[in-house]
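Trainee: Provided below: structure.cif, containing mmCIF, C-alpha atoms.
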```cif
data_query
#
loop_
_atom_site.group_PDB
_atom_site.id
_atom_site.type_symbol
_atom_site.label_atom_id
_atom_site.label_comp_id
_atom_site.auth_asym_id
_atom_site.auth_seq_id
_atom_site.Cartn_x
_atom_site.Cartn_y
_atom_site.Cartn_z
ATOM 1 C CA MET A 57 98.221 54.664 -63.192
ATOM 2 C CA LEU A 58 95.716 52.713 -61.122
ATOM 3 C CA LYS A 59 94.824 50.541 -64.138
ATOM 4 C CA LEU A 60 98.497 49.670 -64.665
ATOM 5 C CA LEU A 61 98.877 48.667 -61.014
ATOM 6 C CA PHE A 62 95.717 46.529 -61.219
ATOM 7 C CA ILE A 63 96.962 44.792 -64.387
ATOM 8 C CA LEU A 64 100.355 44.089 -62.795
ATOM 9 C CA ILE A 65 98.674 42.575 -59.731
ATOM 10 C CA LEU A 66 96.513 40.335 -61.936
ATOM 11 C CA LEU A 67 99.549 39.245 -63.948
ATOM 12 C CA TYR A 68 101.441 38.416 -60.749
ATOM 13 C CA ILE A 69 98.518 36.369 -59.387
ATOM 14 C CA GLY A 70 98.230 34.540 -62.703
ATOM 15 C CA TYR A 71 101.956 33.811 -62.687
ATOM 16 C CA ARG A 72 101.789 32.380 -59.138
ATOM 17 C CA ILE A 73 98.811 30.159 -60.038
ATOM 18 C CA PHE A 74 100.598 28.915 -63.164
ATOM 19 C CA LYS A 75 103.751 28.183 -61.181
ATOM 20 C CA MET A 76 101.776 26.359 -58.476
ATOM 21 C CA PHE A 77 100.181 24.006 -61.018
ATOM 22 C CA ARG A 78 103.432 23.462 -62.892
ATOM 23 C CA ASP A 79 105.367 22.587 -59.731
ATOM 24 C CA GLY A 80 102.509 20.465 -58.404
ATOM 25 C CA LYS A 81 102.483 18.224 -61.465
ATOM 26 C CA SER A 82 106.222 17.572 -61.329
ATOM 27 C CA GLN A 83 106.010 16.017 -57.866
ATOM 28 C CA LYS A 84 105.032 12.377 -58.145
ATOM 29 C CA VAL A 85 103.482 10.913 -55.035
ATOM 30 C CA LYS A 86 103.419 7.166 -54.803
ATOM 31 C CA GLY A 87 100.317 5.961 -53.050
ATOM 32 C CA TYR A 88 99.787 2.783 -51.122
ATOM 33 C CA ARG A 89 96.777 1.003 -49.779
ATOM 34 C CA VAL A 90 96.172 1.470 -46.102
ATOM 35 C CA ASP A 91 94.284 -1.790 -45.621
ATOM 36 C CA THR A 92 97.272 -3.916 -46.678
ATOM 37 C CA PRO A 93 100.334 -3.824 -44.435
ATOM 38 C CA PRO A 94 103.709 -3.241 -46.060
ATOM 39 C CA PRO A 95 105.649 -6.426 -46.720
ATOM 40 C CA GLU A 96 107.866 -7.283 -43.812
ATOM 41 C CA GLU A 97 111.299 -8.544 -44.676
ATOM 42 C CA ASP A 98 114.345 -9.264 -42.584
ATOM 43 C CA LEU A 99 117.077 -6.677 -42.777
ATOM 44 C CA VAL A 100 120.713 -7.699 -42.539
ATOM 45 C CA GLN A 101 123.664 -5.480 -41.726
ATOM 46 C CA ASP A 102 126.590 -5.213 -44.092
ATOM 47 C CA PRO A 103 129.703 -5.922 -41.973
ATOM 48 C CA PHE A 104 131.838 -3.569 -44.068
ATOM 49 C CA CYS A 105 129.801 -0.382 -44.513
ATOM 50 C CA LYS A 106 127.343 -1.083 -41.651
ATOM 51 C CA ILE A 107 124.164 -0.324 -43.606
ATOM 52 C CA TYR A 108 121.045 -2.466 -43.477
ATOM 53 C CA VAL A 109 119.726 -4.104 -46.632
ATOM 54 C CA PRO A 110 116.812 -6.490 -47.235
ATOM 55 C CA ARG A 111 117.961 -10.088 -47.129
ATOM 56 C CA SER A 112 116.407 -10.811 -50.550
ATOM 57 C CA SER A 113 118.489 -8.141 -52.295
ATOM 58 C CA ALA A 114 121.711 -8.623 -50.307
ATOM 59 C CA TYR A 115 124.869 -10.139 -51.779
ATOM 60 C CA ALA A 116 125.551 -13.338 -49.786
ATOM 61 C CA GLN A 117 128.978 -14.891 -49.296
ATOM 62 C CA ASP A 118 130.001 -17.815 -47.079
ATOM 63 C CA ILE A 119 132.905 -16.736 -44.895
ATOM 64 C CA ASN A 120 134.313 -19.208 -42.339
ATOM 65 C CA GLY A 121 131.282 -21.447 -42.843
ATOM 66 C CA ARG A 122 128.770 -18.705 -42.031
ATOM 67 C CA PRO A 123 126.758 -16.668 -44.517
ATOM 68 C CA GLN A 124 127.638 -12.990 -44.528
ATOM 69 C CA TYR A 125 125.383 -10.465 -46.266
ATOM 70 C CA PHE A 126 126.643 -7.382 -48.072
ATOM 71 C CA CYS A 127 124.965 -4.474 -49.849
ATOM 72 C CA SER A 128 127.010 -5.158 -52.994
ATOM 73 C CA ARG A 129 129.755 -7.325 -54.417
ATOM 74 C CA GLU A 130 132.164 -4.404 -54.130
ATOM 75 C CA CYS A 131 131.597 -4.175 -50.367
ATOM 76 C CA CYS A 132 132.181 -7.909 -50.085
ATOM 77 C CA GLU A 133 135.484 -7.646 -51.942
ATOM 78 C CA LYS A 134 136.590 -4.677 -49.819
ATOM 79 C CA TYR A 135 135.648 -6.575 -46.652
ATOM 80 C CA LEU A 136 137.625 -9.646 -47.743
ATOM 81 C CA SER A 137 140.675 -7.602 -48.743
ATOM 82 C CA GLU A 138 140.583 -5.681 -45.451
ATOM 83 C CA LYS A 139 140.182 -8.913 -43.504
ATOM 84 C CA THR A 140 143.205 -10.507 -45.216
ATOM 85 C CA THR A 141 145.400 -7.440 -44.600
ATOM 86 C CA ASN A 142 144.405 -7.324 -40.920
ATOM 87 C CA THR A 143 145.234 -10.992 -40.366
ATOM 88 C CA GLN A 144 148.732 -10.676 -41.824
#
```
Could you quickly redo this structure as structure tokens?
Mentor:
Amino acid sequence: MLKLLFILILLYIGYRIFKMFRDGKSQKVKGYRVDTPPPEEDLVQDPFCKIYVPRSSAYAQDINGRPQYFCSRECCEKYLSEKTTNTQ
């Protein structure tokens, strides 16, 4: 009976070690160099959904002579359609 209990404990410990290594390999950690600062880029706020996006990846549209920045073309279209319905 004592041998069976000992074997079960060893099997459980082996299972936990196996699971720890299997789960540890599935998590991918992206490293970065500490001596180089992260690139700083201006963030712009989408006037429709109010989220901030980097200026380089934002969808730009001139509205009333001023550039407006959106997170996507869909947000731009929704903003323009909402703006036209509010002005009528």
Trainee: Calculate how many Å separate CA of Cys127 (chain A) from CA of Gln101 (chain A), rounding to one decimal.
Mentor: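 Computing it gives 8.3 Å between the two atoms.
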Trainee: What would the selection look like, as a PyMOL selection string, if the PyMOL selection byres ((chain A and resi 130) around 12) were run on the coordinates I just shared?
Mentor: chain A and resi 102+104-105+114-117+126-129+131-137
Trainee: May I ask for the distance between CA of Asn142 (chain A) and CA of Pro110 (chain A), given in Å to one decimal place?
Mentor: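 One can read the CA of Asn142 (chain A) to CA of Pro110 (chain A) distance as 28.3 Å.
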Trainee: Give me, please, the distance in Å between CA of Thr141 (chain A) and CA of Pro103 (chain A), quoted to one decimal.
Mentor: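 Spanning CA of Thr141 (chain A) to CA of Pro103 (chain A) is a straight-line distance of 16.0 Å.
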Trainee: Would you place a box with edges along x, y and z of the file around all atoms of region 116-132 of chain A listed there, add 8 Å to each of its six sides, and report the centre and edge lengths in Å to one decimal, as AutoDock Vina command-line options?
Mentor:
```
--center_x 129.6 --center_y -12.8 --center_z -48.2 --size_x 25.3 --size_y 33.3 --size_z 28.4
```
Trainee: Choose the residue, out of A:Glu97, A:Gln124, A:Ile63, A:Arg78, that has the smallest atom-to-atom separation from Arg111 (chain A); count all atoms listed in the file.
Mentor: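 Closest to Arg111 (chain A), using all atoms listed in the file: A:Glu97.
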